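Asker: This is the content of upload_27.txt (compact mmCIF, C-alpha atoms):
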# COMPACT_ATOMS: atom_id res chain seq x y z
CA MET V 1 0.00 0.00 0.00
CA LYS V 2 1.31 3.42 -0.90
CA GLU V 3 2.42 5.53 2.09
CA TYR V 4 1.66 9.21 2.35
CA PRO V 5 3.24 11.94 4.53
CA GLN V 6 1.55 12.13 7.93
CA ALA V 7 1.43 15.92 7.74
CA SER V 8 -0.55 15.92 4.46
CA ARG V 9 -4.16 17.07 4.70
CA LEU V 10 -4.97 16.74 1.01
CA TRP V 11 -3.29 15.18 -2.01
CA THR V 12 -4.34 13.78 -5.38
CA ASP V 13 -3.63 10.41 -6.95
CA GLY V 14 -4.92 10.02 -10.50
CA GLY V 15 -8.64 10.83 -10.42
CA THR V 16 -8.86 10.50 -6.63
CA VAL V 17 -8.54 13.27 -4.05
CA HIS V 18 -7.39 11.98 -0.66
CA ILE V 19 -8.08 13.93 2.52
CA ALA V 20 -6.69 13.04 5.94
CA GLY V 21 -6.06 14.18 9.48
CA ALA V 22 -8.13 16.53 11.62
CA TRP V 23 -10.61 18.71 9.73
CA THR V 24 -11.27 21.01 12.65
CA LEU V 25 -11.43 24.77 13.15
CA ALA V 26 -7.82 25.02 14.31
CA GLU V 27 -6.56 23.21 11.20
CA LEU V 28 -8.63 25.10 8.62
CA PRO V 29 -5.91 27.59 7.58
CA ALA V 30 -3.48 24.72 6.80
CA ILE V 31 -6.20 22.80 4.93
CA GLU V 32 -7.16 25.85 2.87
CA ARG V 33 -3.49 26.38 1.96
CA ALA V 34 -3.28 22.75 0.89
CA MET V 35 -6.40 23.21 -1.27
CA THR V 36 -4.95 26.30 -2.88
CA ALA V 37 -1.71 24.48 -3.73
CA ALA V 38 -3.43 21.27 -4.90
CA ALA V 39 -3.52 20.34 -8.61
CA TRP V 40 -7.06 19.05 -9.11
CA PRO V 41 -7.53 16.01 -11.41
CA SER V 42 -8.67 17.00 -14.89
CA GLY V 43 -11.39 14.34 -15.38
CA HIS V 44 -15.14 14.96 -15.18
CA ASP V 45 -15.63 12.45 -12.34
CA LEU V 46 -13.87 13.01 -9.03
CA VAL V 47 -13.61 10.58 -6.12
CA TRP V 48 -12.90 12.00 -2.68
CA ASP V 49 -11.39 9.40 -0.35
CA ALA V 50 -12.09 10.56 3.22
CA GLY V 51 -11.11 7.31 4.97
CA ARG V 52 -8.10 8.91 6.71
CA VAL V 53 -10.03 11.81 8.27
CA THR V 54 -9.54 11.38 12.03
CA ALA V 55 -11.59 14.31 13.37
CA MET V 56 -14.13 16.76 12.01
CA ASP V 57 -16.10 19.61 13.56
CA SER V 58 -18.63 22.02 12.04
CA GLY V 59 -15.85 24.23 10.65
CA GLY V 60 -14.26 21.33 8.78
CA ALA V 61 -17.65 20.10 7.58
CA VAL V 62 -18.51 23.57 6.23
CA LEU V 63 -15.20 23.78 4.37
CA LEU V 64 -15.67 20.28 2.86
CA HIS V 65 -19.26 21.09 1.89
CA ARG V 66 -18.23 24.37 0.25
CA THR V 67 -15.45 22.70 -1.71
CA LEU V 68 -17.62 19.86 -2.99
CA ALA V 69 -20.44 22.28 -3.87
CA ARG V 70 -18.02 24.53 -5.78
CA LEU V 71 -16.73 21.58 -7.81
CA GLU V 72 -20.31 20.52 -8.63
CA ARG V 73 -21.17 24.07 -9.73
CA GLN V 74 -18.23 23.81 -12.10
CA GLY V 75 -19.97 20.86 -13.76
CA ARG V 76 -18.00 18.03 -12.17
CA ARG V 77 -19.49 14.90 -10.64
CA VAL V 78 -18.11 14.23 -7.15
CA ALA V 79 -18.33 11.02 -5.11
CA LEU V 80 -17.33 11.08 -1.42
CA ARG V 81 -16.21 7.72 0.02
CA GLY V 82 -14.90 6.35 3.30
CA LEU V 83 -16.13 9.15 5.61
CA ARG V 84 -16.98 7.91 9.11
CA PRO V 85 -20.75 7.76 9.83
CA GLU V 86 -20.58 10.47 12.53
CA PHE V 87 -18.69 12.82 10.18
CA ALA V 88 -21.08 11.99 7.34
CA GLU V 89 -24.04 12.93 9.56
CA LEU V 90 -22.37 16.27 10.45
CA LEU V 91 -21.74 16.94 6.75
CA ARG V 92 -25.36 16.11 5.98
CA LEU V 93 -26.54 18.65 8.60
CA VAL V 94 -24.25 21.32 7.19
CA SER V 95 -25.40 20.55 3.63
CA ALA V 96 -29.06 20.81 4.72
CA HIS V 97 -28.39 24.37 5.98
CA GLY V 98 -26.01 25.32 3.20
CA THR V 99 -27.58 28.73 2.58
CA GLN V 100 -27.10 29.67 6.25
CA VAL V 101 -23.38 28.95 6.34
CA GLY V 102 -22.62 31.24 3.43
CA LEU V 103 -21.67 29.28 0.37
CA GLU V 104 -18.92 31.05 -1.52
CA PRO V 105 -19.67 32.05 -5.08
CA ALA V 106 -17.39 30.60 -7.69
CA GLY V 107 -14.18 32.59 -7.94
CA PRO V 108 -13.25 34.53 -11.05
CA SER V 109 -11.70 32.42 -13.80
CA GLY V 110 -9.54 35.21 -15.22
CA ASN V 111 -12.34 36.85 -17.20
CA TRP V 112 -12.44 40.51 -16.11
CA LEU V 113 -16.19 40.75 -16.74
CA GLU V 114 -16.79 37.73 -14.51
CA GLY V 115 -14.50 39.25 -11.90
CA ILE V 116 -16.57 42.45 -11.85
CA GLY V 117 -19.74 40.39 -11.58
CA VAL V 118 -18.37 38.43 -8.59
CA LEU V 119 -17.25 41.68 -6.92
CA VAL V 120 -20.67 43.31 -7.41
CA TRP V 121 -22.41 40.16 -6.20
CA ASN V 122 -20.27 40.04 -3.03
CA ARG V 123 -20.90 43.74 -2.31
CA LEU V 124 -24.62 43.25 -2.89
CA GLN V 125 -24.68 40.34 -0.47
CA GLN V 126 -22.87 42.44 2.14
CA TRP V 127 -25.40 45.26 1.77
CA ILE V 128 -28.32 42.84 2.01
CA GLY V 129 -26.75 41.21 5.07
CA GLY V 130 -26.19 44.62 6.68
CA LEU V 131 -29.78 45.71 6.05
CA GLY V 132 -31.03 42.40 7.44
CA PHE V 133 -28.95 42.87 10.59
CA LEU V 134 -30.23 46.45 10.94
CA GLY V 135 -33.83 45.27 10.64
CA GLU V 136 -33.31 42.45 13.12
CA SER V 137 -31.71 44.88 15.60
CA ALA V 138 -34.59 47.36 15.23
CA VAL V 139 -37.20 44.66 15.89
CA ALA V 140 -35.29 43.38 18.94
CA LEU V 141 -34.90 46.96 20.25
CA VAL V 142 -38.61 47.73 19.92
CA ARG V 143 -39.56 44.46 21.65
CA SER V 144 -37.09 45.10 24.48
CA LEU V 145 -38.32 48.67 25.02
CA ALA V 146 -41.89 47.33 25.13
CA ALA V 147 -40.80 44.83 27.81
CA PRO V 148 -37.97 46.52 29.78
CA ARG V 149 -37.56 43.52 32.09
CA SER V 150 -36.14 41.56 29.16
CA ILE V 151 -33.20 43.99 28.86
CA ARG V 152 -29.96 42.67 30.36
CA TRP V 153 -29.38 45.61 32.70
CA ARG V 154 -26.20 44.24 34.29
CA ALA V 155 -24.53 43.91 30.87
CA LEU V 156 -25.74 47.42 30.02
CA TRP V 157 -24.22 48.95 33.19
CA ASN V 158 -20.96 47.07 32.62
CA SER V 159 -20.83 48.38 29.05
CA LEU V 160 -21.57 51.91 30.32
CA GLU V 161 -18.57 51.68 32.63
CA LEU V 162 -16.23 50.26 29.97
CA ASP V 163 -17.33 52.43 27.03
CA GLY V 164 -18.34 55.58 28.89
CA PHE V 165 -16.64 56.13 32.24
CA ASN V 166 -13.30 54.56 31.26
CA ALA V 167 -13.16 56.70 28.10
CA LEU V 168 -13.24 59.99 30.04
CA PRO V 169 -9.44 60.49 30.30
CA ILE V 170 -8.60 60.06 26.61
CA ILE V 171 -11.64 62.04 25.39
CA GLY V 172 -10.96 64.82 27.90
CA LEU V 173 -7.30 65.09 26.91
CA LEU V 174 -7.92 65.16 23.14
CA THR V 175 -10.83 67.62 23.23
CA PHE V 176 -8.83 69.87 25.59
CA LEU V 177 -6.03 69.87 23.01
CA MET V 178 -8.52 70.50 20.19
CA GLY V 179 -9.82 73.55 22.08
CA ILE V 180 -6.27 74.83 22.43
CA VAL V 181 -5.51 74.27 18.73
CA ILE V 182 -8.70 76.00 17.51
CA ALA V 183 -8.22 78.97 19.84
CA TYR V 184 -4.51 79.32 19.08
CA GLN V 185 -5.01 79.26 15.30
CA GLY V 186 -7.90 81.73 15.57
CA ALA V 187 -5.98 84.03 17.88
CA GLU V 188 -3.31 84.69 15.26
CA GLN V 189 -5.94 85.95 12.80
CA LEU V 190 -8.17 87.84 15.25
CA ARG V 191 -5.27 89.75 16.79
CA THR V 192 -4.38 91.29 13.44
CA VAL V 193 -7.86 92.83 13.02
CA GLY V 194 -8.34 93.74 16.69
CA ALA V 195 -11.33 91.44 17.17
CA ASN V 196 -10.00 89.49 20.15
CA ILE V 197 -13.35 88.92 21.81
CA PHE V 198 -14.65 86.96 18.80
CA ILE V 199 -12.41 84.08 19.84
CA VAL V 200 -15.37 83.10 22.02
CA ASP V 201 -17.66 82.71 18.98
CA LEU V 202 -15.03 80.71 17.11
CA VAL V 203 -14.28 78.29 19.94
CA GLY V 204 -17.87 77.94 21.15
CA ILE V 205 -19.60 77.27 17.83
CA ALA V 206 -16.86 75.08 16.36
CA LEU V 207 -16.55 72.86 19.42
CA LEU V 208 -20.18 72.55 20.47
CA ARG V 209 -21.61 72.09 17.00
CA GLU V 210 -18.99 70.01 15.16
CA ILE V 211 -15.62 69.22 16.73
CA ALA V 212 -16.61 67.79 20.12
CA PRO V 213 -19.27 65.29 18.86
CA LEU V 214 -17.16 64.26 15.88
CA VAL V 215 -13.90 63.73 17.81
CA THR V 216 -15.77 61.88 20.56
CA ALA V 217 -17.47 59.57 18.05
CA ILE V 218 -14.20 58.81 16.23
CA LEU V 219 -12.44 57.98 19.50
CA VAL V 220 -15.29 55.74 20.63
CA ALA V 221 -15.33 54.00 17.22
CA GLY V 222 -11.64 53.18 17.54
CA ARG V 223 -11.90 52.19 21.18
CA SER V 224 -15.31 50.51 21.63
CA GLY V 225 -16.38 49.56 18.09
CA SER V 226 -13.21 47.52 17.58
CA ALA V 227 -13.70 45.87 20.96
CA TYR V 228 -17.27 44.83 20.01
CA THR V 229 -16.04 43.18 16.80
CA ALA V 230 -13.18 41.38 18.54
CA GLN V 231 -15.38 40.16 21.39
CA ILE V 232 -18.20 38.78 19.22
CA GLY V 233 -15.75 37.42 16.64
CA THR V 234 -13.77 35.56 19.28
CA MET V 235 -16.99 34.13 20.71
CA LYS V 236 -17.93 32.95 17.24
CA VAL V 237 -14.53 31.34 16.60
CA THR V 238 -14.67 29.50 19.93
CA GLU V 239 -18.30 28.48 19.21
CA GLU V 240 -19.65 30.33 22.27
CA LEU V 241 -22.36 31.87 20.07
CA ASP V 242 -23.52 28.38 19.12
CA ALA V 243 -23.58 27.51 22.83
CA LEU V 244 -25.79 30.58 23.53
CA ARG V 245 -28.25 29.54 20.82
CA THR V 246 -28.25 25.97 22.18
CA LEU V 247 -29.25 27.37 25.58
CA GLY V 248 -32.12 29.21 23.93
CA LEU V 249 -30.54 32.67 24.34
CA SER V 250 -30.59 35.20 21.51
CA PRO V 251 -27.13 36.71 20.77
CA MET V 252 -29.00 39.81 19.62
CA LYS V 253 -30.49 40.36 23.09
CA VAL V 254 -27.48 39.13 25.06
CA LEU V 255 -24.71 40.86 23.14
CA VAL V 256 -25.97 43.50 20.71
CA LEU V 257 -28.78 45.38 22.51
CA PRO V 258 -26.83 46.13 25.74
CA LYS V 259 -24.02 47.59 23.64
CA VAL V 260 -26.34 49.71 21.47
CA LEU V 261 -28.30 51.05 24.46
CA SER V 262 -25.25 51.76 26.61
CA LEU V 263 -23.46 53.59 23.80
CA ALA V 264 -26.64 55.58 23.00
CA ILE V 265 -26.59 56.76 26.63
CA ALA V 266 -22.83 57.21 26.99
CA LEU V 267 -22.00 59.10 23.80
CA PRO V 268 -24.26 62.16 24.44
CA LEU V 269 -22.85 62.42 27.99
CA LEU V 270 -19.30 62.12 26.67
CA THR V 271 -20.07 64.82 24.10
CA VAL V 272 -21.24 67.23 26.84
CA TYR V 273 -18.06 66.44 28.80
CA ALA V 274 -15.97 67.08 25.66
CA ASP V 275 -17.77 70.42 25.14
CA VAL V 276 -16.85 71.60 28.64
CA VAL V 277 -13.21 70.46 28.50
CA GLY V 278 -12.65 71.77 24.96
CA VAL V 279 -14.12 75.21 25.76
CA PHE V 280 -11.93 75.35 28.87
CA GLY V 281 -8.87 74.77 26.68
CA GLY V 282 -10.00 77.64 24.44
CA MET V 283 -10.47 79.88 27.48
CA LEU V 284 -6.87 79.30 28.56
CA ILE V 285 -5.51 80.34 25.15
CA ALA V 286 -7.88 83.33 24.96
CA ALA V 287 -6.58 84.54 28.35
CA SER V 288 -2.91 83.96 27.56
CA GLN V 289 -2.77 85.10 23.92
CA LEU V 290 -5.58 87.67 23.56
CA SER V 291 -5.95 88.99 27.14
CA VAL V 292 -9.60 87.87 27.24
CA THR V 293 -10.28 87.11 30.90
CA PHE V 294 -12.36 84.14 32.04
CA LEU V 295 -15.19 86.49 33.09
CA GLU V 296 -15.19 88.26 29.71
CA PHE V 297 -15.08 84.89 27.93
CA LEU V 298 -18.04 83.51 29.87
CA THR V 299 -20.07 86.72 29.50
CA ARG V 300 -19.53 86.75 25.73
CA PHE V 301 -20.18 82.98 25.57
CA GLU V 302 -23.61 83.47 27.16
CA GLU V 303 -24.47 86.27 24.74
CA ALA V 304 -23.08 84.88 21.48
CA ILE V 305 -23.50 81.08 21.59
CA ALA V 306 -27.08 80.07 20.94
CA LEU V 307 -28.50 77.00 22.68
CA ARG V 308 -29.17 75.37 19.32
CA HIS V 309 -25.44 74.87 18.68
CA PHE V 310 -25.15 72.80 21.86
CA LEU V 311 -28.35 70.84 21.12
CA ILE V 312 -27.28 70.06 17.53
CA GLY V 313 -24.05 68.51 18.80
CA VAL V 314 -25.82 66.46 21.46
CA VAL V 315 -28.56 65.26 19.07
CA LYS V 316 -25.94 63.88 16.66
CA ALA V 317 -24.38 61.72 19.37
CA PRO V 318 -27.06 58.95 19.62
CA VAL V 319 -27.00 58.57 15.82
CA PHE V 320 -23.22 58.19 15.88
CA ALA V 321 -23.56 55.74 18.79
CA ALA V 322 -26.00 53.52 16.87
CA ILE V 323 -23.69 53.50 13.82
CA ILE V 324 -20.63 52.53 15.88
CA ALA V 325 -22.35 49.81 17.91
CA LEU V 326 -24.20 48.22 14.98
CA VAL V 327 -21.20 48.22 12.64
CA GLY V 328 -18.96 46.78 15.37
CA CYS V 329 -21.40 43.99 16.23
CA TYR V 330 -22.26 43.23 12.58
CA GLN V 331 -18.62 42.79 11.61
CA GLY V 332 -18.15 40.48 14.61
CA PHE V 333 -20.94 38.22 13.36
CA GLN V 334 -19.40 38.19 9.86
CA ILE V 335 -16.20 36.47 10.99
CA ARG V 336 -15.88 33.13 9.23
CA GLY V 337 -12.28 32.03 9.68
CA GLY V 338 -9.88 31.99 12.61
CA VAL V 339 -7.88 34.58 14.53
CA ASP V 340 -6.63 36.22 11.32
CA ASP V 341 -10.20 36.97 10.30
CA VAL V 342 -10.87 38.56 13.72
CA GLY V 343 -8.07 41.07 13.11
CA ARG V 344 -9.20 41.78 9.55
CA ARG V 345 -12.82 42.33 10.52
CA THR V 346 -11.80 44.55 13.47
CA THR V 347 -9.91 46.82 11.07
CA ILE V 348 -12.90 46.89 8.68
CA SER V 349 -15.19 47.71 11.61
CA VAL V 350 -13.16 50.78 12.65
CA VAL V 351 -12.80 52.06 9.08
CA GLN V 352 -16.49 51.62 8.25
CA SER V 353 -17.62 53.20 11.55
CA ILE V 354 -15.47 56.31 11.09
CA PHE V 355 -16.46 56.58 7.41
CA LEU V 356 -20.19 56.38 8.21
CA VAL V 357 -19.87 58.82 11.13
CA ILE V 358 -18.26 61.41 8.85
CA VAL V 359 -20.83 60.77 6.09
CA PHE V 360 -23.73 61.28 8.51
CA ASP V 361 -22.04 64.37 9.98
CA ALA V 362 -21.86 65.85 6.47
CA PHE V 363 -25.50 64.90 5.95
CA PHE V 364 -26.45 66.69 9.19
CA SER V 365 -24.52 69.79 8.09
CA ILE V 366 -26.33 69.95 4.74
CA LEU V 367 -29.73 69.28 6.31
CA LEU V 368 -29.28 71.89 9.08
CA SER V 369 -27.97 74.43 6.60
CA TRP V 370 -31.04 73.82 4.45
CA TRP V 371 -33.22 74.44 7.54
CA LYS V 372 -31.10 77.54 8.36
CA LEU V 373 -30.20 76.23 11.83
For this file, write the structure as structure tokens.
Answerer:
Amino acid sequence: MKEYPQASRLWTDGGTVHIAGAWTLAELPAIERAMTAAAWPSGHDLVWDAGRVTAMDSGGAVLLHRTLARLERQGRRVALRGLRPEFAELLRLVSAHGTQVGLEPAGPSGNWLEGIGVLVWNRLQQWIGGLGFLGESAVALVRSLAAPRSIRWRALWNSLELDGFNALPIIGLLTFLMGIVIAYQGAEQLRTVGANIFIVDLVGIALLREIAPLVTAILVAGRSGSAYTAQIGTMKVTEELDALRTLGLSPMKVLVLPKVLSLAIALPLLTVYADVVGVFGGMLIAASQLSVTFLEFLTRFEEAIALRHFLIGVVKAPVFAAIIALVGCYQGFQIRGGVDDVGRRTTISVVQSIFLVIVFDAFFSILLSWWKL
């Protein structure tokens, strides 16, 4: 009998594809590399010999199912032989729910038009998945608000502490520096025209209306949104999400809603805190560079800064909070591979959150300008 290397996961012999070893979540990267390097037999009929497979979990079954399905979509007839009964039953369960485990579309074959089609199809699927997640979150939120006892209050308070209270130092420091930068740059221009007191208008309107909510949201997206993706993604890789569903618990209620609600509460409060600290930084520069005393600054601030500027900044915050929390959680649920995919999705989560926050901030600016607010 021909001997094969013990380390081999997949090799071909004539018209037969042999698979061996542990087809488990931890081994998937090595198996996928072996598949990429494999030279598939050229015949129409393929035989997969799975007699040497020693272990298989749901991750390995999904990978095997995807590979066999892709070969069949390419017009080849595949026969799987030698798989242990318990592994065959797992593969049958995965095949029965094939649409729920995300079958991969066939990859591009070098045709640029087909490549564009695959790219558009993948983007369309992502948008549909995102809209589905948004709808599911909205339904769960409405049901939880209708029955407040179903909300996991302990998880919400813990998230408030982690995402709100613990973020005070970094948000305070950066908005204080932003106040100093805005006031210092404005001071150079105002001094030349003798309009020192208008530093109050510049600092107050810029910080309360735009800078403080935007900087706070970007910091929270980098700090909390990435943490949401990493936490949920790690739970998915270690199959803790499957364990939650087995216990009859909804990941949406256990993981997503507490994060969305806590961030919707924390971000407006952090924005108010950023307003105060940033304006204080501007006051220091106004006093040191333009000889505008604290009393003169506060008197002018009360006269010149309308309440609507403060309210506009605070009203934006819950919208930014919902974007950050939902994008972070959605990307966590999209993780399909191992630890590498957790890092990749965490990066995507931060980039998408910041991009959407800036897009919605621009939308608010256009809308409020149209309403002359």
Asker: Need to verify the contact set: Trp153 in chain V, 12 Å, only C-alpha atoms, exclusion of same-chain residues closer than 5 positions in sequence. Can you return it as a PyMOL selection string?
Answerer: chain V and resi 144+148+158-160+253-255+257-259+261-262
Asker: Measuring atom to atom with all atoms listed in the file, identify which of V:Leu267, V:Ile366, V:Ala195, V:Val342 is nearest to Ile324 in chain V.
Answerer: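 Selected residue with least distance to Ile324 in chain V: V:Leu267.
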Asker: So which residues are close to (-6.3, 18.2, 11.3), meaning at most 12 Å away in the file's coordinates with all atoms listed in the file counted, and can you show them as a VMD selection string?
Answerer: chain V and resid 6 to 10 19 to 32 34 52 to 57 59 to 60
Asker: Can you tell me which residues surround Ala140 in chain V at a distance of at most 10 Å, considering all atoms listed in the file, apart from same-chain residues fewer than 2 positions away, and format the answer as a ChimeraX atom specification?
Answerer: /V:134-138,142-146,250,252-253,256-257
Asker: Select, from V:Ile211, V:Leu71, V:Ile323, V:Leu90, the residue with the minimum atom-to-atom distance to Val357 in chain V, counting only C-alpha atoms.
Answerer: V:Ile323
Asker: With only C-alpha atoms as the counted atoms, please give the residues lying no more than 9 Å from Pro213 in chain V, apart from itself and same-chain residues fewer than 2 positions off, as a list in words.
Answerer: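 Listed by chain and then number, they are Leu207, Leu208, Arg209, Glu210, Ile211, Val215, Thr216, Ala217, Ile218, Leu267, Pro268, Leu270, Thr271, Val272, Ala274, Asp275, Gly313, Val314, Lys316, Ala317 and Phe320 of chain V.
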Asker: Could you please determine the separation between CA of Leu356 in chain V and CA of Glu114 in chain V in Å, to one decimal place?
Answerer: 29.6 Å
Asker: I'd like the interatomic distance between CA of Ser226 in chain V and CA of Asn166 in chain V, to a tenth of an Å.
Answerer: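 A separation of 15.4 Å between them.
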Asker: Considering all atoms listed in the file, return as a list of chain:residue names whatever protein or nucleic-acid residues lie within 12 Å of Leu190 in chain V, sequence-local ones (same chain, fewer than 3 positions apart) excluded.
Answerer: V:Ala183, V:Tyr184, V:Gln185, V:Gly186, V:Ala187, V:Val193, V:Gly194, V:Ala195, V:Asn196, V:Ile197, V:Phe198, V:Ile199, V:Val200, V:Asp201, V:Leu202, V:Ala286, V:Gln289, V:Leu290
Asker: From the coordinates supplied, range 40-84 of chain V should be written with C-alpha atoms, as an mmCIF file, in the first residue's frame.
Answerer:
data_model
loop_
_atom_site.group_PDB
_atom_site.id
_atom_site.type_symbol
_atom_site.label_atom_id
_atom_site.label_comp_id
_atom_site.auth_asym_id
_atom_site.auth_seq_id
_atom_site.Cartn_x
_atom_site.Cartn_y
_atom_site.Cartn_z
ATOM 1 C CA TRP V 40 -7.059 19.047 -9.105
ATOM 2 C CA PRO V 41 -7.534 16.010 -11.414
ATOM 3 C CA SER V 42 -8.673 17.001 -14.889
ATOM 4 C CA GLY V 43 -11.394 14.340 -15.378
ATOM 5 C CA HIS V 44 -15.145 14.959 -15.180
ATOM 6 C CA ASP V 45 -15.634 12.451 -12.344
ATOM 7 C CA LEU V 46 -13.871 13.014 -9.034
ATOM 8 C CA VAL V 47 -13.615 10.581 -6.118
ATOM 9 C CA TRP V 48 -12.901 11.996 -2.682
ATOM 10 C CA ASP V 49 -11.394 9.404 -0.351
ATOM 11 C CA ALA V 50 -12.087 10.558 3.221
ATOM 12 C CA GLY V 51 -11.109 7.315 4.971
ATOM 13 C CA ARG V 52 -8.103 8.909 6.706
ATOM 14 C CA VAL V 53 -10.028 11.806 8.269
ATOM 15 C CA THR V 54 -9.539 11.378 12.033
ATOM 16 C CA ALA V 55 -11.590 14.313 13.366
ATOM 17 C CA MET V 56 -14.132 16.761 12.009
ATOM 18 C CA ASP V 57 -16.100 19.609 13.559
ATOM 19 C CA SER V 58 -18.634 22.021 12.044
ATOM 20 C CA GLY V 59 -15.848 24.232 10.646
ATOM 21 C CA GLY V 60 -14.262 21.326 8.779
ATOM 22 C CA ALA V 61 -17.653 20.105 7.578
ATOM 23 C CA VAL V 62 -18.511 23.574 6.225
ATOM 24 C CA LEU V 63 -15.196 23.776 4.374
ATOM 25 C CA LEU V 64 -15.667 20.283 2.863
ATOM 26 C CA HIS V 65 -19.261 21.093 1.891
ATOM 27 C CA ARG V 66 -18.235 24.366 0.250
ATOM 28 C CA THR V 67 -15.449 22.697 -1.706
ATOM 29 C CA LEU V 68 -17.622 19.857 -2.991
ATOM 30 C CA ALA V 69 -20.441 22.277 -3.871
ATOM 31 C CA ARG V 70 -18.023 24.526 -5.776
ATOM 32 C CA LEU V 71 -16.734 21.576 -7.807
ATOM 33 C CA GLU V 72 -20.305 20.525 -8.631
ATOM 34 C CA ARG V 73 -21.170 24.066 -9.730
ATOM 35 C CA GLN V 74 -18.232 23.812 -12.105
ATOM 36 C CA GLY V 75 -19.969 20.857 -13.762
ATOM 37 C CA ARG V 76 -17.997 18.031 -12.169
ATOM 38 C CA ARG V 77 -19.487 14.896 -10.638
ATOM 39 C CA VAL V 78 -18.109 14.229 -7.149
ATOM 40 C CA ALA V 79 -18.329 11.022 -5.108
ATOM 41 C CA LEU V 80 -17.329 11.082 -1.424
ATOM 42 C CA ARG V 81 -16.214 7.724 0.023
ATOM 43 C CA GLY V 82 -14.898 6.348 3.299
ATOM 44 C CA LEU V 83 -16.129 9.145 5.605
ATOM 45 C CA ARG V 84 -16.984 7.914 9.106
#
